[in-house]
>>> print(open('model35.cif').read())   # mmCIF, C-alpha atoms
data_protein
loop_
_atom_site.group_PDB
_atom_site.id
_atom_site.type_symbol
_atom_site.label_atom_id
_atom_site.label_comp_id
_atom_site.auth_asym_id
_atom_site.auth_seq_id
_atom_site.Cartn_x
_atom_site.Cartn_y
_atom_site.Cartn_z
ATOM 1 C CA MET A 1 89.313 44.781 51.875
ATOM 2 C CA PRO A 2 92.975 43.891 52.423
ATOM 3 C CA ILE A 3 95.638 45.524 50.280
ATOM 4 C CA GLY A 4 97.251 42.742 48.304
ATOM 5 C CA GLY A 5 97.562 40.684 45.168
ATOM 6 C CA VAL A 6 100.117 41.440 42.463
ATOM 7 C CA LEU A 7 100.875 45.129 42.765
ATOM 8 C CA THR A 8 103.440 45.933 40.081
ATOM 9 C CA ALA A 9 105.989 48.616 40.929
ATOM 10 C CA MET A 10 105.697 50.113 37.456
ATOM 11 C CA VAL A 11 108.675 51.529 35.587
ATOM 12 C CA THR A 12 108.286 55.016 34.156
ATOM 13 C CA PRO A 13 108.629 55.094 30.348
ATOM 14 C CA PHE A 14 110.811 57.852 28.925
ATOM 15 C CA GLY A 15 111.053 59.075 25.358
ATOM 16 C CA ALA A 16 114.243 59.609 23.364
ATOM 17 C CA ASP A 17 114.382 63.130 24.791
ATOM 18 C CA GLY A 18 114.375 61.772 28.351
ATOM 19 C CA ARG A 19 110.926 63.133 29.125
ATOM 20 C CA LEU A 20 107.913 61.222 30.427
ATOM 21 C CA ASP A 21 106.385 59.327 27.498
ATOM 22 C CA GLU A 22 102.676 59.541 28.224
ATOM 23 C CA ALA A 23 101.533 57.301 25.367
ATOM 24 C CA ALA A 24 104.010 54.574 26.332
ATOM 25 C CA THR A 25 102.946 54.941 29.966
ATOM 26 C CA VAL A 26 99.310 54.254 29.139
ATOM 27 C CA ARG A 27 100.292 51.296 26.921
ATOM 28 C CA LEU A 28 102.389 49.843 29.743
ATOM 29 C CA MET A 29 99.558 50.241 32.263
ATOM 30 C CA ARG A 30 97.204 48.317 30.001
ATOM 31 C CA HIS A 31 99.845 45.672 29.233
ATOM 32 C CA LEU A 32 100.384 45.048 32.950
ATOM 33 C CA LEU A 33 96.672 44.821 33.703
ATOM 34 C CA ASP A 34 96.254 42.391 30.793
ATOM 35 C CA HIS A 35 99.109 40.222 32.089
ATOM 36 C CA GLY A 36 98.232 39.546 35.716
ATOM 37 C CA SER A 37 98.705 42.764 37.690
ATOM 38 C CA ASP A 38 95.997 43.544 40.234
ATOM 39 C CA GLY A 39 97.300 47.046 40.837
ATOM 40 C CA LEU A 40 100.047 49.500 39.965
ATOM 41 C CA VAL A 41 102.509 51.443 42.084
ATOM 42 C CA LEU A 42 103.430 54.692 40.350
ATOM 43 C CA ALA A 43 106.554 56.797 40.981
ATOM 44 C CA GLY A 44 108.103 54.347 43.405
ATOM 45 C CA THR A 45 111.715 53.161 43.386
ATOM 46 C CA THR A 46 111.241 51.093 40.234
ATOM 47 C CA GLY A 47 109.502 54.069 38.655
ATOM 48 C CA GLU A 48 112.618 56.188 39.251
ATOM 49 C CA GLY A 49 110.621 58.368 41.587
ATOM 50 C CA SER A 50 113.769 59.914 43.046
ATOM 51 C CA THR A 51 114.562 61.578 39.694
ATOM 52 C CA LEU A 52 111.008 62.513 38.713
ATOM 53 C CA ALA A 53 109.939 66.108 39.224
ATOM 54 C CA ASP A 54 106.811 66.613 41.296
ATOM 55 C CA GLU A 55 104.974 67.708 38.160
ATOM 56 C CA GLU A 56 105.882 64.405 36.480
ATOM 57 C CA LYS A 57 104.686 62.357 39.446
ATOM 58 C CA ILE A 58 101.428 64.271 39.488
ATOM 59 C CA ARG A 59 100.998 63.701 35.754
ATOM 60 C CA LEU A 60 101.622 59.951 36.202
ATOM 61 C CA TRP A 61 98.931 59.754 38.853
ATOM 62 C CA GLU A 62 96.523 61.803 36.752
ATOM 63 C CA LEU A 63 97.091 59.548 33.735
ATOM 64 C CA ALA A 64 96.544 56.420 35.789
ATOM 65 C CA VAL A 65 93.339 57.655 37.410
ATOM 66 C CA ALA A 66 91.962 58.830 34.057
ATOM 67 C CA GLU A 67 92.961 55.790 31.997
ATOM 68 C CA VAL A 68 92.688 52.779 34.350
ATOM 69 C CA GLY A 69 91.376 54.127 37.633
ATOM 70 C CA ASP A 70 88.096 52.265 37.311
ATOM 71 C CA GLU A 71 89.848 48.988 36.516
ATOM 72 C CA THR A 72 92.604 48.598 39.065
ATOM 73 C CA TYR A 73 94.123 49.558 42.432
ATOM 74 C CA LEU A 74 96.424 52.566 42.158
ATOM 75 C CA VAL A 75 99.173 53.304 44.665
ATOM 76 C CA ALA A 76 101.102 56.573 44.516
ATOM 77 C CA GLY A 77 104.730 56.588 45.591
ATOM 78 C CA THR A 78 104.637 59.738 47.708
ATOM 79 C CA GLY A 79 107.487 59.032 50.116
ATOM 80 C CA SER A 80 110.720 60.963 50.532
ATOM 81 C CA ASN A 81 113.155 61.792 53.325
ATOM 82 C CA ASP A 82 111.467 65.172 53.838
ATOM 83 C CA THR A 83 108.264 64.924 55.865
ATOM 84 C CA ALA A 84 106.816 68.196 54.551
ATOM 85 C CA HIS A 85 107.459 67.104 50.952
ATOM 86 C CA THR A 86 105.924 63.681 51.588
ATOM 87 C CA VAL A 87 102.851 65.303 53.133
ATOM 88 C CA HIS A 88 102.517 67.633 50.137
ATOM 89 C CA LEU A 89 102.718 64.773 47.606
ATOM 90 C CA THR A 90 100.325 62.658 49.661
ATOM 91 C CA GLU A 91 97.779 65.486 49.708
ATOM 92 C CA ARG A 92 98.099 65.984 45.936
ATOM 93 C CA ALA A 93 97.779 62.267 45.170
ATOM 94 C CA THR A 94 94.705 62.088 47.380
ATOM 95 C CA GLU A 95 93.131 64.999 45.495
ATOM 96 C CA ILE A 96 93.856 63.272 42.182
ATOM 97 C CA GLY A 97 92.064 60.130 43.320
ATOM 98 C CA VAL A 98 94.577 57.321 43.872
ATOM 99 C CA ASP A 99 93.590 54.432 46.118
ATOM 100 C CA ALA A 100 96.605 54.357 48.452
ATOM 101 C CA HIS A 101 100.053 55.797 49.111
ATOM 102 C CA LEU A 102 103.442 54.108 49.439
ATOM 103 C CA ALA A 103 105.703 55.984 51.865
ATOM 104 C CA VAL A 104 109.290 54.832 52.077
ATOM 105 C CA CYS A 105 111.168 54.938 55.359
ATOM 106 C CA PRO A 106 113.045 58.280 55.344
ATOM 107 C CA TYR A 107 116.514 57.697 53.914
ATOM 108 C CA TYR A 108 119.820 59.482 54.551
ATOM 109 C CA ASN A 109 118.510 61.545 57.513
ATOM 110 C CA LYS A 110 118.548 58.335 59.610
ATOM 111 C CA PRO A 111 115.699 59.327 61.973
ATOM 112 C CA ASN A 112 115.335 57.634 65.335
ATOM 113 C CA ARG A 113 112.208 55.848 66.536
ATOM 114 C CA ARG A 114 110.469 59.038 67.689
ATOM 115 C CA GLY A 115 111.281 60.700 64.383
ATOM 116 C CA LEU A 116 109.871 57.775 62.400
ATOM 117 C CA LEU A 117 106.651 57.795 64.432
ATOM 118 C CA ALA A 118 106.261 61.543 63.971
ATOM 119 C CA HIS A 119 106.992 61.295 60.241
ATOM 120 C CA TYR A 120 104.417 58.601 59.550
ATOM 121 C CA ARG A 121 101.783 60.148 61.791
ATOM 122 C CA ALA A 122 102.106 63.365 59.786
ATOM 123 C CA VAL A 123 101.805 61.488 56.485
ATOM 124 C CA ALA A 124 98.811 59.466 57.652
ATOM 125 C CA ALA A 125 97.067 62.643 58.830
ATOM 126 C CA ALA A 126 97.429 64.155 55.353
ATOM 127 C CA THR A 127 95.040 61.689 53.685
ATOM 128 C CA ASP A 128 91.905 59.660 54.172
ATOM 129 C CA LYS A 129 93.376 56.898 51.981
ATOM 130 C CA PRO A 130 95.476 53.942 53.168
ATOM 131 C CA VAL A 131 99.190 54.488 53.684
ATOM 132 C CA ILE A 132 101.573 51.603 52.974
ATOM 133 C CA LEU A 133 104.814 51.704 54.948
ATOM 134 C CA TYR A 134 107.919 50.758 52.951
ATOM 135 C CA ASN A 135 110.667 49.147 55.007
ATOM 136 C CA ILE A 136 113.814 48.679 52.914
ATOM 137 C CA PRO A 137 116.978 48.795 55.036
ATOM 138 C CA SER A 138 119.264 48.107 52.052
ATOM 139 C CA ARG A 139 118.371 51.519 50.583
ATOM 140 C CA CYS A 140 117.401 53.522 53.665
ATOM 141 C CA VAL A 141 119.917 52.293 56.295
ATOM 142 C CA VAL A 142 117.107 52.399 58.878
ATOM 143 C CA ASP A 143 115.243 49.150 59.638
ATOM 144 C CA MET A 144 111.798 49.494 61.198
ATOM 145 C CA ASP A 145 111.613 46.570 63.625
ATOM 146 C CA ASN A 146 108.420 44.654 64.290
ATOM 147 C CA ASP A 147 107.705 46.453 67.558
ATOM 148 C CA LEU A 148 107.795 49.781 65.743
ATOM 149 C CA LEU A 149 105.618 48.384 62.953
ATOM 150 C CA ARG A 150 103.102 47.208 65.544
ATOM 151 C CA GLU A 151 102.942 50.727 66.978
ATOM 152 C CA LEU A 152 102.563 52.237 63.520
ATOM 153 C CA GLY A 153 99.847 49.713 62.746
ATOM 154 C CA GLN A 154 97.661 51.428 65.346
ATOM 155 C CA VAL A 155 97.888 54.815 63.591
ATOM 156 C CA PRO A 156 94.688 55.647 61.653
ATOM 157 C CA ASN A 157 95.115 55.268 57.862
ATOM 158 C CA ILE A 158 98.354 53.267 58.120
ATOM 159 C CA ALA A 159 97.159 50.001 56.625
ATOM 160 C CA ALA A 160 100.020 47.860 55.294
ATOM 161 C CA VAL A 161 103.761 47.359 55.127
ATOM 162 C CA LYS A 162 105.879 46.574 52.103
ATOM 163 C CA GLN A 163 108.525 44.485 53.832
ATOM 164 C CA ALA A 164 111.846 44.297 51.993
ATOM 165 C CA ARG A 165 114.063 42.783 54.664
ATOM 166 C CA TYR A 166 114.560 39.043 54.632
ATOM 167 C CA GLU A 167 114.871 38.358 58.359
ATOM 168 C CA ASP A 168 112.216 38.382 61.048
ATOM 169 C CA VAL A 169 109.301 38.709 58.626
ATOM 170 C CA GLU A 170 105.992 38.172 60.375
ATOM 171 C CA PRO A 171 102.383 39.382 60.205
ATOM 172 C CA ILE A 172 101.803 42.589 62.151
ATOM 173 C CA GLU A 173 98.464 43.291 63.800
ATOM 174 C CA GLY A 174 96.773 46.169 62.032
ATOM 175 C CA LEU A 175 98.910 45.915 58.876
ATOM 176 C CA ASP A 176 98.544 43.902 55.698
ATOM 177 C CA LEU A 177 101.886 42.260 54.898
ATOM 178 C CA LEU A 178 103.261 42.722 51.366
ATOM 179 C CA ALA A 179 106.410 41.137 49.961
ATOM 180 C CA GLY A 180 108.884 43.852 49.088
ATOM 181 C CA ASN A 181 111.213 41.598 47.092
ATOM 182 C CA ASP A 182 110.141 39.233 44.317
ATOM 183 C CA ASP A 183 111.969 36.256 45.804
ATOM 184 C CA MET A 184 110.119 36.761 49.112
ATOM 185 C CA LEU A 185 106.601 36.401 47.724
ATOM 186 C CA ALA A 186 106.188 32.685 48.411
ATOM 187 C CA LYS A 187 107.589 33.010 51.938
ATOM 188 C CA VAL A 188 105.424 36.035 52.723
ATOM 189 C CA MET A 189 102.305 34.249 51.511
ATOM 190 C CA ASP A 190 103.211 31.235 53.656
ATOM 191 C CA VAL A 191 103.244 33.378 56.813
ATOM 192 C CA GLY A 192 99.944 35.095 56.089
ATOM 193 C CA GLY A 193 100.835 37.889 53.686
ATOM 194 C CA THR A 194 98.319 39.388 51.293
ATOM 195 C CA GLY A 195 100.529 39.821 48.206
ATOM 196 C CA GLY A 196 103.491 41.858 47.085
ATOM 197 C CA ILE A 197 104.756 45.010 45.453
ATOM 198 C CA LEU A 198 106.728 43.353 42.701
ATOM 199 C CA VAL A 199 109.075 43.949 39.766
ATOM 200 C CA SER A 200 109.207 40.652 37.869
ATOM 201 C CA SER A 201 105.445 40.900 37.418
ATOM 202 C CA HIS A 202 106.227 43.243 34.523
ATOM 203 C CA VAL A 203 107.042 40.086 32.552
ATOM 204 C CA ILE A 204 105.485 37.169 34.500
ATOM 205 C CA GLY A 205 102.495 38.757 36.217
ATOM 206 C CA ARG A 206 100.175 35.783 35.730
ATOM 207 C CA GLU A 207 102.754 33.373 37.135
ATOM 208 C CA MET A 208 103.294 35.559 40.200
ATOM 209 C CA ARG A 209 99.532 35.640 40.697
ATOM 210 C CA ARG A 210 99.658 31.826 40.771
ATOM 211 C CA ILE A 211 102.148 31.995 43.662
ATOM 212 C CA ILE A 212 99.416 33.800 45.583
ATOM 213 C CA ASP A 213 96.476 31.690 44.417
ATOM 214 C CA GLU A 214 97.953 28.169 44.403
ATOM 215 C CA PRO A 215 99.517 27.450 47.809
ATOM 216 C CA GLU A 216 100.079 23.762 47.029
ATOM 217 C CA ALA A 217 102.188 24.675 43.974
ATOM 218 C CA ARG A 218 103.605 27.915 45.393
ATOM 219 C CA HIS A 219 107.196 26.853 45.922
ATOM 220 C CA GLU A 220 107.391 24.880 42.703
ATOM 221 C CA ILE A 221 106.325 27.989 40.778
ATOM 222 C CA HIS A 222 108.790 30.082 42.765
ATOM 223 C CA ASP A 223 111.623 27.692 41.951
ATOM 224 C CA THR A 224 110.744 27.776 38.246
ATOM 225 C CA TYR A 225 111.239 31.541 38.143
ATOM 226 C CA ARG A 226 114.067 31.824 40.668
ATOM 227 C CA ASP A 227 116.618 32.694 37.959
ATOM 228 C CA LEU A 228 114.356 35.422 36.588
ATOM 229 C CA PHE A 229 114.008 36.955 40.042
ATOM 230 C CA LYS A 230 117.806 37.048 40.254
ATOM 231 C CA ALA A 231 118.189 38.464 36.746
ATOM 232 C CA MET A 232 115.776 41.305 37.493
ATOM 233 C CA PHE A 233 118.191 42.434 40.192
ATOM 234 C CA ILE A 234 121.497 41.578 38.526
ATOM 235 C CA THR A 235 122.217 45.292 38.883
ATOM 236 C CA SER A 236 120.329 48.135 40.515
ATOM 237 C CA SER A 237 116.621 48.257 39.675
ATOM 238 C CA PRO A 238 115.022 49.349 37.381
ATOM 239 C CA THR A 239 117.879 48.814 34.921
ATOM 240 C CA PRO A 240 117.243 45.065 34.403
ATOM 241 C CA VAL A 241 113.450 45.214 34.150
ATOM 242 C CA LYS A 242 113.561 48.085 31.659
ATOM 243 C CA ALA A 243 115.995 46.026 29.577
ATOM 244 C CA ALA A 244 113.668 43.016 29.799
ATOM 245 C CA LEU A 245 110.584 45.002 28.776
ATOM 246 C CA ASN A 246 112.353 46.478 25.765
ATOM 247 C CA MET A 247 113.472 42.957 24.803
ATOM 248 C CA ILE A 248 109.927 41.580 24.821
ATOM 249 C CA GLY A 249 108.662 44.465 22.727
ATOM 250 C CA VAL A 250 107.118 46.619 25.450
ATOM 251 C CA GLU A 251 108.981 49.850 24.777
ATOM 252 C CA VAL A 252 109.763 51.846 27.911
ATOM 253 C CA GLY A 253 112.859 53.745 26.796
ATOM 254 C CA GLY A 254 115.961 54.384 28.833
ATOM 255 C CA LEU A 255 116.823 55.558 32.328
ATOM 256 C CA ARG A 256 117.735 58.799 34.046
ATOM 257 C CA LEU A 257 121.167 59.353 35.504
ATOM 258 C CA PRO A 258 122.551 58.195 37.825
ATOM 259 C CA MET A 259 120.826 55.010 36.590
ATOM 260 C CA VAL A 260 122.398 53.680 33.390
ATOM 261 C CA GLU A 261 121.511 51.123 30.734
ATOM 262 C CA ALA A 262 122.326 47.461 31.341
ATOM 263 C CA SER A 263 125.736 46.366 30.089
ATOM 264 C CA GLU A 264 126.029 43.851 27.275
ATOM 265 C CA GLU A 265 126.960 41.182 29.821
ATOM 266 C CA GLU A 266 123.905 42.001 31.934
ATOM 267 C CA LYS A 267 121.644 42.041 28.874
ATOM 268 C CA SER A 268 122.979 38.624 27.890
ATOM 269 C CA VAL A 269 122.055 37.160 31.273
ATOM 270 C CA ILE A 270 118.585 38.724 31.129
ATOM 271 C CA ARG A 271 117.992 37.588 27.535
ATOM 272 C CA ASP A 272 119.134 34.026 28.280
ATOM 273 C CA VAL A 273 116.714 33.709 31.208
ATOM 274 C CA LEU A 274 113.819 35.182 29.222
ATOM 275 C CA GLN A 275 114.497 32.805 26.338
ATOM 276 C CA ARG A 276 114.851 29.748 28.564
ATOM 277 C CA LEU A 277 111.548 30.502 30.302
ATOM 278 C CA GLY A 278 109.755 31.362 27.065
ATOM 279 C CA VAL A 279 109.016 34.870 28.302
ATOM 280 C CA LEU A 280 110.221 36.452 25.052
ATOM 281 C CA GLN A 281 107.139 34.943 23.432
ATOM 282 C CA LEU A 282 104.738 36.391 26.034
ATOM 283 C CA SER A 283 104.530 39.781 24.359
#
>>> encode(input="model35.cif", output="structure tokens")
Amino acid sequence: MPIGGVLTAMVTPFGADGRLDEAATVRLMRHLLDHGSDGLVLAGTTGEGSTLADEEKIRLWELAVAEVGDETYLVAGTGSNDTAHTVHLTERATEIGVDAHLAVCPYYNKPNRRGLLAHYRAVAAATDKPVILYNIPSRCVVDMDNDLLRELGQVPNIAAVKQARYEDVEPIEGLDLLAGNDDMLAKVMDVGGTGGILVSSHVIGREMRRIIDEPEARHEIHDTYRDLFKAMFITSSPTPVKAALNMIGVEVGGLRLPMVEASEEEKSVIRDVLQRLGVLQLS
């Protein structure tokens, strides 16, 4: 089966003490599955994976497998810029029982083509579950071009790519194509994509599912929610989506430094869009 549908890059709820809020995490999982998500990505960028300890990531995956593992598709964000660390997390997530792994292109190190191939081959060899490549040049500096993706698509266990660049997006033989930005979903579906790893689906999951399921209305639906897509990235994610969830009554707490709470101006923009679209009533 292809990897696709609405895969929500879930935020990680924190309590007032800044620790993982397990009860709020389970409530959020169920809220997302009740509101259009086909699967969840845990401890990715939107989940503040870069400031979660390994023990917290492992606990997130354990909670998800125990609470909703029989109901949905679970993707563990196991990627880092350290191949050995990525392999370790991928092995642990596999043991816990997730369905797939999301492995970001190594950031900061700026590996060359041979380094990228070696990195992903090592990650793919660490699991018998699908590995989703995550190409996001805006955060990683490195852009994996389509020729490299085609080569990676021939590596056993590498099954999909979350594509977060806007140019030169095309289906790659051997890889399911997932939108990596909310405002790309309609375009990606038009060119043969299978779905997306999405943020706005925290608040409009059913509507984003319609973008996938209703090709004749796809761009009309996209245009309706264009302002929401922009508002969810008015500042660095996950600041806006955490603000939006708290506004609609889905309590997810604050953020970990260096991420900070949305400003009053940013909250005003987010609130105005939610009110205009009637999303504040969805909770």
>>> residues_around(input="model35.cif", residues="segment 48-54 of chain A", least_positions_apart="2", cutoff="8 Å", atoms="only C-alpha atoms", output="list in words")
Val11, Thr12, Ala43, Gly44, Thr45, Thr46, Glu56, Lys57, Ile58, Gly77, Leu89, Pro238 and Arg256 of chain A
>>> resolve_selection(input="model35.cif", expression="the PyMOL selection byres ((chain A and resi 259-269) around 12)", output="ChimeraX atom specification")
/A:45-51,227-247,253-258,270-276
>>> residues_around(input="model35.cif", residues="Gly192 of chain A", least_positions_apart="4", cutoff="9 Å", atoms="only C-alpha atoms", output="list in words")
Glu170, Pro171, Asp176, Leu177, Lys187 and Val188 of chain A
>>> closest_residue(input="model35.cif", among="A:Ala24, A:Leu152, A:Leu42, A:Leu185", to="Gly249 of chain A", atoms="only C-alpha atoms")
A:Ala24
>>> resolve_selection(input="model35.cif", expression="the PyMOL selection byres ((chain A and resi 173) around 9)", output="PyMOL selection string")
chain A and resi 149-150+153-154+171-172+174-176
>>> atom_distance(input="model35.cif", atom1="atom CA of Arg206 of chain A", atom2="atom CA of Arg218 of chain A")
12.9 Å
>>> closest_residue(input="model35.cif", among="A:Leu74, A:Leu20, A:Val161, A:Val87", to="Glu55 of chain A", atoms="all atoms listed in the file")
A:Leu20
>>> atom_distance(input="model35.cif", atom1="atom CA of Arg27 of chain A", atom2="atom CA of Pro13 of chain A")
9.8 Å
>>> residues_around(input="model35.cif", residues="Tyr134 of chain A", least_positions_apart="4", cutoff="12 Å", atoms="all atoms listed in the file", output="NGL selection string")
:A and (44-45 or 77-80 or 101-107 or 116 or 120 or 138-140 or 142-144 or 149 or 152 or 158-165 or 175-181 or 196-197)
>>> residues_around(input="model35.cif", residues="Asn157 of chain A", least_positions_apart="2", cutoff="8 Å", atoms="all atoms listed in the file", output="VMD selection string")
chain A and resid 124 to 125 127 to 131 155 159
>>> residues_around(input="model35.cif", residues="His222 of chain A", least_positions_apart="3", cutoff="9 Å", atoms="all atoms listed in the file", output="ChimeraX atom specification")
/A:183,185-186,207-208,211,217-219,225-226
>>> closest_residue(input="model35.cif", among="A:Met1, A:Val250, A:Val279, A:Ile204", to="Met29 of chain A", atoms="all atoms listed in the file")
A:Val250
>>> atom_distance(input="model35.cif", atom1="atom CA of Phe14 of chain A", atom2="atom CA of Glu251 of chain A")
9.2 Å
>>> axis_aligned_box(input="model35.cif", around="segment 172-190 of chain A", padding_each_side="4 Å", output="AutoDock Vina command-line options")
--center_x 104.4 --center_y 38.7 --center_z 54.1 --size_x 23.2 --size_y 22.9 --size_z 27.5
>>> resolve_selection(input="model35.cif", expression="the PyMOL selection byres ((chain A and resi 4) around 6)", output="PyMOL selection string")
chain A and resi 3+5+194-195
>>> decode(input="model35.cif", residues="segment 225-274 of chain A", atoms="C-alpha atoms", output="PDB file, in the first residue's frame")
ATOM      1  CA  TYR A 225      -7.854  27.804   3.129  1.00  0.00           C
ATOM      2  CA  ARG A 226      -4.928  29.656   1.560  1.00  0.00           C
ATOM      3  CA  ASP A 227      -4.896  32.289   4.330  1.00  0.00           C
ATOM      4  CA  LEU A 228      -4.859  29.593   7.007  1.00  0.00           C
ATOM      5  CA  PHE A 229      -1.887  27.908   5.356  1.00  0.00           C
ATOM      6  CA  LYS A 230      -0.074  31.252   5.476  1.00  0.00           C
ATOM      7  CA  ALA A 231      -1.084  31.921   9.081  1.00  0.00           C
ATOM      8  CA  MET A 232       0.246  28.546  10.214  1.00  0.00           C
ATOM      9  CA  PHE A 233       3.670  29.679   9.035  1.00  0.00           C
ATOM     10  CA  ILE A 234       3.497  33.365   9.939  1.00  0.00           C
ATOM     11  CA  THR A 235       6.514  32.595  12.116  1.00  0.00           C
ATOM     12  CA  SER A 236       8.607  29.483  12.608  1.00  0.00           C
ATOM     13  CA  SER A 237       6.598  26.292  13.110  1.00  0.00           C
ATOM     14  CA  PRO A 238       5.260  25.000  15.466  1.00  0.00           C
ATOM     15  CA  THR A 239       4.630  28.355  17.154  1.00  0.00           C
ATOM     16  CA  PRO A 240       1.526  29.251  15.082  1.00  0.00           C
ATOM     17  CA  VAL A 241      -0.145  25.834  15.150  1.00  0.00           C
ATOM     18  CA  LYS A 242       0.321  25.494  18.908  1.00  0.00           C
ATOM     19  CA  ALA A 243      -1.284  28.925  19.297  1.00  0.00           C
ATOM     20  CA  ALA A 244      -4.164  27.853  17.043  1.00  0.00           C
ATOM     21  CA  LEU A 245      -4.766  24.599  18.927  1.00  0.00           C
ATOM     22  CA  ASN A 246      -4.843  26.379  22.273  1.00  0.00           C
ATOM     23  CA  MET A 247      -7.313  28.883  20.788  1.00  0.00           C
ATOM     24  CA  ILE A 248      -9.740  26.174  19.675  1.00  0.00           C
ATOM     25  CA  GLY A 249      -9.610  24.493  23.061  1.00  0.00           C
ATOM     26  CA  VAL A 250      -7.173  21.679  22.298  1.00  0.00           C
ATOM     27  CA  GLU A 251      -4.615  22.359  25.011  1.00  0.00           C
ATOM     28  CA  VAL A 252      -1.043  21.604  23.970  1.00  0.00           C
ATOM     29  CA  GLY A 253       0.878  23.980  26.227  1.00  0.00           C
ATOM     30  CA  GLY A 254       3.864  26.067  25.275  1.00  0.00           C
ATOM     31  CA  LEU A 255       7.138  25.593  23.431  1.00  0.00           C
ATOM     32  CA  ARG A 256      10.744  24.845  24.280  1.00  0.00           C
ATOM     33  CA  LEU A 257      13.464  27.396  23.731  1.00  0.00           C
ATOM     34  CA  PRO A 258      14.682  28.511  21.299  1.00  0.00           C
ATOM     35  CA  MET A 259      11.059  28.392  20.073  1.00  0.00           C
ATOM     36  CA  VAL A 260       8.898  31.048  21.733  1.00  0.00           C
ATOM     37  CA  GLU A 261       5.194  31.796  22.042  1.00  0.00           C
ATOM     38  CA  ALA A 262       3.449  33.705  19.256  1.00  0.00           C
ATOM     39  CA  SER A 263       3.411  37.472  19.697  1.00  0.00           C
ATOM     40  CA  GLU A 264       0.142  39.308  20.221  1.00  0.00           C
ATOM     41  CA  GLU A 265       0.289  40.503  16.612  1.00  0.00           C
ATOM     42  CA  GLU A 266       0.815  36.951  15.361  1.00  0.00           C
ATOM     43  CA  LYS A 267      -1.976  35.622  17.578  1.00  0.00           C
ATOM     44  CA  SER A 268      -4.297  38.288  16.190  1.00  0.00           C
ATOM     45  CA  VAL A 269      -3.626  37.177  12.618  1.00  0.00           C
ATOM     46  CA  ILE A 270      -4.143  33.519  13.538  1.00  0.00           C
ATOM     47  CA  ARG A 271      -7.336  34.244  15.498  1.00  0.00           C
ATOM     48  CA  ASP A 272      -8.790  36.377  12.690  1.00  0.00           C
ATOM     49  CA  VAL A 273      -8.262  33.613  10.121  1.00  0.00           C
ATOM     50  CA  LEU A 274      -9.711  30.942  12.414  1.00  0.00           C
TER      51      LEU A 274
END
